[in-house]
>>> print(open('final_5.txt').read())   # compact mmCIF, C-alpha atoms
# COMPACT_ATOMS: atom_id res chain seq x y z
CA MET A 1 32.84 -3.10 8.04
CA ASN A 2 34.13 0.27 6.82
CA LYS A 3 36.33 -1.57 4.32
CA LEU A 4 33.35 -3.56 3.04
CA LYS A 5 31.24 -0.40 2.76
CA ALA A 6 33.96 1.32 0.73
CA LYS A 7 34.15 -1.63 -1.65
CA LEU A 8 30.37 -1.84 -2.04
CA GLU A 9 30.25 1.89 -2.79
CA LYS A 10 33.04 1.57 -5.36
CA ILE A 11 31.29 -1.29 -7.16
CA TYR A 12 27.94 0.55 -7.10
CA LEU A 13 29.50 3.58 -8.81
CA GLN A 14 31.21 1.39 -11.38
CA TYR A 15 28.34 -0.92 -12.24
CA SER A 16 25.13 1.11 -11.80
CA ASN A 17 24.69 1.80 -15.51
CA LEU A 18 23.00 0.00 -18.38
CA GLU A 19 26.26 -0.93 -20.10
CA ASN A 20 27.21 -3.15 -17.16
CA THR A 21 23.93 -4.95 -16.56
CA SER A 22 23.00 -8.32 -18.02
CA ASP A 23 19.54 -8.56 -16.44
CA PRO A 24 16.32 -7.64 -18.31
CA LEU A 25 16.70 -3.93 -17.51
CA HIS A 26 18.37 -3.18 -20.84
CA LEU A 27 15.23 -4.52 -22.57
CA ILE A 28 12.86 -2.61 -20.28
CA HIS A 29 14.77 0.62 -20.97
CA LYS A 30 13.95 0.28 -24.66
CA LEU A 31 10.39 1.29 -23.81
CA LYS A 32 9.39 4.93 -23.29
CA ASP A 33 5.78 4.89 -22.12
CA LYS A 34 5.36 4.51 -18.35
CA LYS A 35 2.50 2.00 -18.65
CA ASP A 36 4.50 -0.13 -21.10
CA ILE A 37 7.53 -0.05 -18.82
CA GLU A 38 5.56 -1.00 -15.73
CA ALA A 39 3.62 -3.85 -17.36
CA PHE A 40 6.66 -5.29 -19.13
CA ALA A 41 8.85 -4.90 -16.03
CA PHE A 42 6.38 -6.97 -14.03
CA LEU A 43 6.29 -9.67 -16.70
CA ALA A 44 10.10 -9.56 -16.90
CA SER A 45 10.41 -10.03 -13.13
CA VAL A 46 8.01 -13.00 -13.14
CA PHE A 47 10.13 -14.67 -15.85
CA ALA A 48 13.46 -13.72 -14.24
CA TYR A 49 14.69 -17.13 -13.12
CA GLY A 50 17.15 -19.53 -14.72
CA SER A 51 19.68 -18.68 -17.42
CA VAL A 52 20.07 -14.93 -18.06
CA LYS A 53 20.55 -15.65 -21.76
CA GLN A 54 17.27 -17.58 -21.93
CA ILE A 55 15.41 -14.97 -19.89
CA ASN A 56 16.52 -12.17 -22.20
CA LYS A 57 15.73 -14.27 -25.29
CA ILE A 58 12.14 -14.97 -24.30
CA LEU A 59 11.53 -11.40 -23.13
CA ALA A 60 12.86 -10.04 -26.42
CA GLU A 61 10.45 -12.39 -28.19
CA PHE A 62 7.57 -10.99 -26.14
CA LEU A 63 8.54 -7.42 -27.01
CA ASN A 64 8.50 -8.32 -30.70
CA LEU A 65 5.22 -10.20 -30.33
CA SER A 66 3.62 -7.16 -28.67
CA ASP A 67 5.15 -4.78 -31.22
CA HIS A 68 6.91 -3.06 -28.32
CA LYS A 69 3.51 -2.08 -26.88
CA PRO A 70 3.16 -4.60 -24.01
CA TYR A 71 0.50 -2.63 -22.12
CA ARG A 72 -1.84 -2.50 -25.13
CA PHE A 73 -1.07 -6.14 -25.98
CA ILE A 74 -1.92 -7.35 -22.47
CA ARG A 75 -5.11 -5.25 -22.27
CA ALA A 76 -6.29 -6.83 -25.54
CA PHE A 77 -5.15 -10.37 -24.72
CA SER A 78 -7.69 -13.22 -24.80
CA ASN A 79 -7.58 -16.89 -23.87
CA LYS A 80 -8.41 -17.50 -27.52
CA ASN A 81 -5.07 -15.99 -28.53
CA SER A 82 -2.45 -18.48 -29.62
CA ILE A 83 0.84 -17.72 -27.91
CA ASN A 84 3.84 -20.03 -28.02
CA PHE A 85 5.47 -18.56 -24.96
CA LYS A 86 7.07 -20.99 -22.50
CA HIS A 87 9.88 -20.69 -19.98
CA ARG A 88 11.37 -23.54 -17.99
CA PHE A 89 8.43 -25.00 -16.01
CA TYR A 90 6.00 -22.27 -17.16
CA SER A 91 3.81 -23.88 -19.80
CA GLU A 92 1.95 -22.03 -22.54
CA ASP A 93 -1.23 -22.31 -20.43
CA ASP A 94 0.58 -20.87 -17.39
CA THR A 95 1.72 -17.88 -19.44
CA LYS A 96 -1.78 -17.33 -20.82
CA SER A 97 -3.23 -17.49 -17.30
CA PHE A 98 -0.66 -14.97 -16.07
CA LEU A 99 -1.49 -12.57 -18.91
CA ILE A 100 -5.23 -12.90 -18.21
CA ILE A 101 -4.68 -12.12 -14.51
CA LEU A 102 -2.59 -9.10 -15.46
CA LYS A 103 -5.21 -8.02 -18.01
CA ILE A 104 -7.97 -8.13 -15.38
CA ILE A 105 -5.89 -6.06 -12.97
CA LEU A 106 -5.11 -3.46 -15.63
CA GLN A 107 -8.75 -3.30 -16.71
CA GLU A 108 -9.87 -2.66 -13.12
CA TYR A 109 -7.04 -0.44 -11.91
CA ASP A 110 -5.44 0.90 -15.11
CA THR A 111 -1.92 0.40 -13.70
CA LEU A 112 -0.12 -2.00 -11.37
CA GLU A 113 0.80 1.01 -9.25
CA ASN A 114 -2.87 1.70 -8.51
CA PHE A 115 -3.42 -1.99 -7.76
CA PHE A 116 -0.40 -2.38 -5.48
CA ARG A 117 -1.03 0.90 -3.65
CA GLN A 118 -4.10 -0.51 -1.88
CA PHE A 119 -1.91 -3.11 -0.15
CA TYR A 120 0.67 -0.63 1.11
CA SER A 121 0.54 1.00 4.54
CA ALA A 122 3.00 3.52 5.95
CA GLU A 123 2.74 1.61 9.22
CA HIS A 124 4.38 -1.48 7.71
CA PRO A 125 8.13 -1.61 8.52
CA THR A 126 8.90 -3.20 5.13
CA VAL A 127 7.07 -4.28 1.97
CA LYS A 128 6.51 -7.78 3.38
CA ASN A 129 2.78 -7.32 4.15
CA SER A 130 2.21 -5.54 0.84
CA ILE A 131 3.79 -8.37 -1.13
CA SER A 132 1.76 -10.95 0.76
CA GLU A 133 -1.55 -9.16 0.14
CA PHE A 134 -0.63 -8.47 -3.49
CA SER A 135 0.23 -12.12 -4.19
CA ASN A 136 -2.85 -13.41 -2.39
CA ALA A 137 -5.05 -11.05 -4.41
CA CYS A 138 -3.49 -12.26 -7.67
CA LEU A 139 -3.96 -15.89 -6.63
CA LYS A 140 -7.60 -15.09 -5.83
CA TYR A 141 -8.08 -13.75 -9.37
CA TYR A 142 -6.69 -17.04 -10.68
CA GLU A 143 -9.02 -19.11 -8.49
CA ASN A 144 -12.01 -17.03 -9.59
CA HIS A 145 -11.29 -17.53 -13.30
CA TYR A 146 -9.64 -20.95 -13.36
CA SER A 147 -9.17 -23.34 -10.44
CA HIS A 148 -6.81 -24.02 -7.57
CA PRO A 149 -3.37 -22.68 -8.61
CA GLY A 150 -0.65 -25.19 -9.37
CA ARG A 151 3.11 -24.97 -8.87
CA ALA A 152 3.84 -22.50 -11.67
CA ILE A 153 1.15 -19.97 -10.71
CA LYS A 154 2.16 -20.12 -7.04
CA PHE A 155 5.76 -19.55 -8.13
CA MET A 156 4.66 -16.44 -10.05
CA PHE A 157 3.01 -14.99 -6.94
CA PRO A 158 5.16 -16.04 -3.95
CA LEU A 159 4.27 -15.52 -0.29
CA PRO A 160 6.86 -14.34 2.26
CA GLU A 161 4.95 -15.93 5.15
CA LYS A 162 5.56 -19.30 3.52
CA GLY A 163 9.31 -18.70 3.57
CA SER A 164 9.87 -17.52 0.01
CA ALA A 165 12.57 -14.87 -0.43
CA CYS A 166 10.24 -13.39 -3.10
CA LYS A 167 13.27 -12.50 -5.20
CA ARG A 168 11.35 -11.62 -8.36
CA ILE A 169 8.69 -9.37 -6.80
CA ASN A 170 11.41 -7.64 -4.76
CA LEU A 171 13.30 -7.12 -8.01
CA PHE A 172 10.21 -5.55 -9.61
CA LEU A 173 9.71 -3.28 -6.60
CA ARG A 174 13.36 -2.23 -6.80
CA TRP A 175 12.85 -1.23 -10.43
CA MET A 176 9.64 0.69 -9.66
CA VAL A 177 10.57 2.36 -6.35
CA ARG A 178 14.29 3.21 -6.61
CA LYS A 179 15.55 5.91 -8.96
CA ASP A 180 19.02 5.97 -10.50
CA ASN A 181 20.61 5.18 -13.88
CA LEU A 182 18.98 1.74 -13.85
CA ASP A 183 15.86 1.80 -11.69
CA PHE A 184 12.87 3.89 -12.79
CA GLY A 185 11.50 5.34 -9.56
CA PHE A 186 7.89 5.56 -10.77
CA TRP A 187 6.30 4.52 -7.47
CA ASN A 188 7.01 7.32 -5.04
CA PHE A 189 4.52 6.18 -2.39
CA ILE A 190 6.95 3.53 -1.06
CA PRO A 191 10.16 4.74 0.68
CA THR A 192 13.31 2.99 -0.57
CA SER A 193 14.13 2.20 3.07
CA LYS A 194 11.25 -0.31 3.12
CA LEU A 195 12.46 -2.37 0.16
CA ILE A 196 13.95 -5.84 0.67
CA ILE A 197 16.91 -7.02 -1.38
CA PRO A 198 16.15 -9.58 -4.11
CA VAL A 199 17.98 -12.74 -3.00
CA ASP A 200 18.92 -15.66 -5.24
CA THR A 201 21.58 -18.33 -4.67
CA HIS A 202 24.37 -16.05 -5.95
CA ILE A 203 23.47 -13.15 -3.65
CA ALA A 204 22.98 -15.61 -0.78
CA LYS A 205 26.48 -17.09 -1.18
CA ILE A 206 28.18 -13.70 -1.48
CA SER A 207 26.25 -12.30 1.50
CA PHE A 208 27.06 -15.32 3.68
CA ARG A 209 30.75 -15.03 2.81
CA LEU A 210 30.74 -11.32 3.65
CA GLY A 211 28.98 -11.85 6.97
CA LEU A 212 25.78 -10.07 5.87
CA THR A 213 23.79 -13.15 6.85
CA LYS A 214 24.34 -16.15 9.08
CA ARG A 215 21.71 -18.16 7.26
CA LYS A 216 22.60 -20.71 4.59
CA ASN A 217 19.16 -21.35 3.10
CA VAL A 218 17.56 -18.76 0.83
CA SER A 219 14.41 -17.47 2.53
CA TRP A 220 12.51 -14.32 3.40
CA LYS A 221 14.30 -14.19 6.75
CA MET A 222 17.65 -14.29 4.95
CA ALA A 223 16.56 -11.43 2.67
CA GLU A 224 15.49 -9.39 5.70
CA GLU A 225 18.76 -10.10 7.50
CA ILE A 226 20.89 -9.05 4.52
CA THR A 227 18.82 -5.88 4.08
CA GLU A 228 19.14 -4.97 7.76
CA ASN A 229 22.92 -5.33 7.59
CA LEU A 230 23.08 -3.24 4.41
CA LYS A 231 21.18 -0.51 6.28
CA LYS A 232 24.33 -0.04 8.35
CA PHE A 233 25.86 1.34 5.14
CA ASP A 234 22.81 3.20 3.83
CA LYS A 235 19.74 3.29 6.08
CA ASP A 236 17.61 5.09 3.47
CA ASP A 237 18.44 2.98 0.41
CA PRO A 238 20.06 -0.34 1.38
CA VAL A 239 18.85 -2.21 -1.71
CA ARG A 240 21.06 -0.16 -4.03
CA PHE A 241 23.89 -2.46 -2.94
CA ASP A 242 22.17 -5.27 -4.80
CA TYR A 243 24.28 -4.22 -7.81
CA SER A 244 27.44 -4.28 -5.70
CA LEU A 245 26.82 -7.80 -4.40
CA CYS A 246 26.00 -9.08 -7.90
CA HIS A 247 29.37 -7.84 -9.19
CA PHE A 248 31.42 -8.29 -6.03
CA ASP A 249 33.68 -11.05 -7.36
CA MET A 250 34.26 -9.23 -10.64
CA ILE A 251 36.02 -6.42 -8.80
CA LYS A 252 37.96 -8.98 -6.79
CA GLU A 253 39.27 -10.59 -9.97
CA LYS A 254 40.50 -7.26 -11.31
CA SER A 255 42.17 -6.10 -8.12
>>> encode(input="final_5.txt", output="C-alpha cells")
Amino acid sequence: MNKLKAKLEKIYLQYSNLENTSDPLHLIHKLKDKKDIEAFAFLASVFAYGSVKQINKILAEFLNLSDHKPYRFIRAFSNKNSINFKHRFYSEDDTKSFLIILKIILQEYDTLENFFRQFYSAEHPTVKNSISEFSNACLKYYENHYSHPGRAIKFMFPLPEKGSACKRINLFLRWMVRKDNLDFGFWNFIPTSKLIIPVDTHIAKISFRLGLTKRKNVSWKMAEEITENLKKFDKDDPVRFDYSLCHFDMIKEKS
C-alpha cells in the first residue's frame, strides 16, 4: 500500500494543474466572479457525462450564449427563451427545465452555497444525506412547476439511496469544497474529509484493479468504499486522489 500511496502522490503533484486537465475545469477557470463560477460549475457538472470533447463543446457554447455571465443569464432566463441546447438524452425542454429550477433557487437563495448549506449537518459522516436532501428539493421544485420528473431530470438530480454513485454532484462538490490549483474551495462549511470521490466507469475499473474496491458495479457503495480506502493515504482530503486515479495509466505508460 505504501508503494501505491507513493505513486498516487507522484501523479497528484504532476497532474493537479490546469494544463493537464481535460475536464470542464479549464472553462470554469475562465470566469472570475464567484457567482458565475458557482452557477456555471453546477451546470457543467450536470452536463459532465459522455464524450469529454462533446461536453466541452456544449459548455463553451453556453458560455458564449451567456456572454460569459452565466449567473446573470440564468437569473434572467424564461421558459419563453429559445435555446437550442441539447446534450445526449437531455432535450431542449430538459435543459430549459433545469435552467428554470436553477433560476428559482438563485432567486430564493442568491447562491447555490446558501441553498445547499441548509441540507448540511456536521453530524453527517459524509455528504450523502446532504446530496439526497438537495436532489429531492430540486426534484420537488420541478414537480411544483412542471409534472412528475422523467428520466433526464432524475439523472440531473441523482439519489444515493437509490444506488446512484452521484458522480456529477460529487464532482461539483469537489470543485466547490476542495482548494488547490484546480478546485476553488469556495464552500468552507464542508470539511474535505466528508467528500465522496466522483466515480465513473474509468475510476471504477482502475480502483478495482488497485484493490481500492471489491465491487464491480458502479454505485454509491462503491464510491464510499473507494473513498474509505483512500483515507488510508490522506484521512483529511482523500478525494484529491481523484486526479491520480484518472491519470494512473498515463504514468504507467511513461515508466
>>> atom_distance(input="final_5.txt", atom1="CA of Arg209 in chain A", atom2="CA of Asp234 in chain A")
19.9 Å
>>> residues_near_point(input="final_5.txt", point="(4.6, 2.7, -17.3)", cutoff="12 Å", atoms="all atoms listed in the file", output="JSON, numbers by chain")
{"A": [28, 29, 31, 32, 33, 34, 35, 36, 37, 38, 39, 40, 41, 42, 69, 70, 71, 72, 106, 110, 111, 112, 113, 114, 175, 176, 184, 185, 186, 187]}
>>> atom_distance(input="final_5.txt", atom1="CA of Glu224 in chain A", atom2="CA of Tyr120 in chain A")
17.8 Å
>>> residues_around(input="final_5.txt", residues="Phe98 in chain A", least_positions_apart="6", cutoff="9 Å", atoms="only C-alpha atoms", output="list in words")
Leu43, Tyr142, Ile153 and Met156 of chain A
>>> closest_residue(input="final_5.txt", among="A:Ile105, A:Ala204, A:Ile100, A:Asp242", to="Leu182 in chain A", atoms="all atoms listed in the file")
A:Asp242
>>> residues_around(input="final_5.txt", residues="Lys57 in chain A", least_positions_apart="4", cutoff="12 Å", atoms="all atoms listed in the file", output="NGL selection string")
:A and (22-24 or 27 or 44 or 47-48 or 50-53 or 61-64 or 85-87)
>>> closest_residue(input="final_5.txt", among="A:Tyr15, A:Asn56, A:Lys128, A:Phe241", to="Lys162 in chain A", atoms="all atoms listed in the file")
A:Lys128
>>> build_atoms(input="final_5.txt", residues="range 211-231 of chain A", atoms="N, CA, C and O atoms", output="PDB file, in the frame of the given file")
ATOM      1  N   GLY A 211      29.505 -12.010   5.620  1.00  0.00           N
ATOM      2  CA  GLY A 211      28.980 -11.850   6.970  1.00  0.00           C
ATOM      3  C   GLY A 211      27.713 -11.008   7.046  1.00  0.00           C
ATOM      4  O   GLY A 211      27.331 -10.541   8.123  1.00  0.00           O
ATOM      5  N   LEU A 212      27.032 -10.828   5.897  1.00  0.00           N
ATOM      6  CA  LEU A 212      25.780 -10.070   5.870  1.00  0.00           C
ATOM      7  C   LEU A 212      24.593 -10.928   6.296  1.00  0.00           C
ATOM      8  O   LEU A 212      23.515 -10.409   6.568  1.00  0.00           O
ATOM      9  N   THR A 213      24.798 -12.230   6.342  1.00  0.00           N
ATOM     10  CA  THR A 213      23.790 -13.150   6.850  1.00  0.00           C
ATOM     11  C   THR A 213      24.475 -14.367   7.462  1.00  0.00           C
ATOM     12  O   THR A 213      25.559 -14.757   7.022  1.00  0.00           O
ATOM     13  N   LYS A 214      23.837 -14.924   8.470  1.00  0.00           N
ATOM     14  CA  LYS A 214      24.340 -16.150   9.080  1.00  0.00           C
ATOM     15  C   LYS A 214      23.573 -17.369   8.572  1.00  0.00           C
ATOM     16  O   LYS A 214      23.910 -18.499   8.905  1.00  0.00           O
ATOM     17  N   ARG A 215      22.559 -17.090   7.776  1.00  0.00           N
ATOM     18  CA  ARG A 215      21.710 -18.160   7.260  1.00  0.00           C
ATOM     19  C   ARG A 215      22.297 -18.743   5.983  1.00  0.00           C
ATOM     20  O   ARG A 215      22.905 -18.030   5.187  1.00  0.00           O
ATOM     21  N   LYS A 216      22.078 -20.044   5.778  1.00  0.00           N
ATOM     22  CA  LYS A 216      22.600 -20.710   4.590  1.00  0.00           C
ATOM     23  C   LYS A 216      21.518 -21.028   3.560  1.00  0.00           C
ATOM     24  O   LYS A 216      21.825 -21.283   2.398  1.00  0.00           O
ATOM     25  N   ASN A 217      20.266 -21.043   4.002  1.00  0.00           N
ATOM     26  CA  ASN A 217      19.160 -21.350   3.100  1.00  0.00           C
ATOM     27  C   ASN A 217      18.450 -20.070   2.670  1.00  0.00           C
ATOM     28  O   ASN A 217      18.110 -19.225   3.513  1.00  0.00           O
ATOM     29  N   VAL A 218      18.248 -19.937   1.366  1.00  0.00           N
ATOM     30  CA  VAL A 218      17.560 -18.760   0.830  1.00  0.00           C
ATOM     31  C   VAL A 218      16.128 -18.719   1.343  1.00  0.00           C
ATOM     32  O   VAL A 218      15.381 -19.682   1.192  1.00  0.00           O
ATOM     33  N   SER A 219      15.752 -17.611   1.955  1.00  0.00           N
ATOM     34  CA  SER A 219      14.410 -17.470   2.530  1.00  0.00           C
ATOM     35  C   SER A 219      14.108 -15.992   2.723  1.00  0.00           C
ATOM     36  O   SER A 219      14.984 -15.136   2.555  1.00  0.00           O
ATOM     37  N   TRP A 220      12.870 -15.708   3.107  1.00  0.00           N
ATOM     38  CA  TRP A 220      12.510 -14.320   3.400  1.00  0.00           C
ATOM     39  C   TRP A 220      13.327 -13.794   4.573  1.00  0.00           C
ATOM     40  O   TRP A 220      13.784 -12.646   4.561  1.00  0.00           O
ATOM     41  N   LYS A 221      13.537 -14.623   5.576  1.00  0.00           N
ATOM     42  CA  LYS A 221      14.300 -14.190   6.750  1.00  0.00           C
ATOM     43  C   LYS A 221      15.743 -13.843   6.360  1.00  0.00           C
ATOM     44  O   LYS A 221      16.336 -12.905   6.898  1.00  0.00           O
ATOM     45  N   MET A 222      16.304 -14.613   5.425  1.00  0.00           N
ATOM     46  CA  MET A 222      17.650 -14.290   4.950  1.00  0.00           C
ATOM     47  C   MET A 222      17.648 -12.927   4.251  1.00  0.00           C
ATOM     48  O   MET A 222      18.530 -12.099   4.479  1.00  0.00           O
ATOM     49  N   ALA A 223      16.658 -12.701   3.388  1.00  0.00           N
ATOM     50  CA  ALA A 223      16.560 -11.430   2.670  1.00  0.00           C
ATOM     51  C   ALA A 223      16.433 -10.262   3.643  1.00  0.00           C
ATOM     52  O   ALA A 223      17.066  -9.209   3.458  1.00  0.00           O
ATOM     53  N   GLU A 224      15.638 -10.434   4.682  1.00  0.00           N
ATOM     54  CA  GLU A 224      15.490  -9.390   5.700  1.00  0.00           C
ATOM     55  C   GLU A 224      16.803  -9.137   6.437  1.00  0.00           C
ATOM     56  O   GLU A 224      17.183  -7.983   6.680  1.00  0.00           O
ATOM     57  N   GLU A 225      17.503 -10.219   6.763  1.00  0.00           N
ATOM     58  CA  GLU A 225      18.760 -10.100   7.500  1.00  0.00           C
ATOM     59  C   GLU A 225      19.814  -9.360   6.667  1.00  0.00           C
ATOM     60  O   GLU A 225      20.515  -8.475   7.175  1.00  0.00           O
ATOM     61  N   ILE A 226      19.934  -9.715   5.403  1.00  0.00           N
ATOM     62  CA  ILE A 226      20.890  -9.050   4.520  1.00  0.00           C
ATOM     63  C   ILE A 226      20.545  -7.571   4.397  1.00  0.00           C
ATOM     64  O   ILE A 226      21.422  -6.697   4.486  1.00  0.00           O
ATOM     65  N   THR A 227      19.266  -7.274   4.217  1.00  0.00           N
ATOM     66  CA  THR A 227      18.820  -5.880   4.080  1.00  0.00           C
ATOM     67  C   THR A 227      19.131  -5.085   5.338  1.00  0.00           C
ATOM     68  O   THR A 227      19.610  -3.938   5.254  1.00  0.00           O
ATOM     69  N   GLU A 228      18.859  -5.660   6.497  1.00  0.00           N
ATOM     70  CA  GLU A 228      19.140  -4.970   7.760  1.00  0.00           C
ATOM     71  C   GLU A 228      20.623  -4.658   7.910  1.00  0.00           C
ATOM     72  O   GLU A 228      20.992  -3.581   8.382  1.00  0.00           O
ATOM     73  N   ASN A 229      21.473  -5.580   7.503  1.00  0.00           N
ATOM     74  CA  ASN A 229      22.920  -5.330   7.590  1.00  0.00           C
ATOM     75  C   ASN A 229      23.372  -4.291   6.582  1.00  0.00           C
ATOM     76  O   ASN A 229      24.291  -3.505   6.860  1.00  0.00           O
ATOM     77  N   LEU A 230      22.739  -4.256   5.413  1.00  0.00           N
ATOM     78  CA  LEU A 230      23.080  -3.240   4.410  1.00  0.00           C
ATOM     79  C   LEU A 230      22.618  -1.851   4.864  1.00  0.00           C
ATOM     80  O   LEU A 230      23.182  -0.836   4.429  1.00  0.00           O
ATOM     81  N   LYS A 231      21.623  -1.796   5.745  1.00  0.00           N
ATOM     82  CA  LYS A 231      21.180  -0.510   6.280  1.00  0.00           C
ATOM     83  C   LYS A 231      22.249   0.155   7.139  1.00  0.00           C
ATOM     84  O   LYS A 231      22.211   1.368   7.369  1.00  0.00           O
TER      85      LYS A 231
END
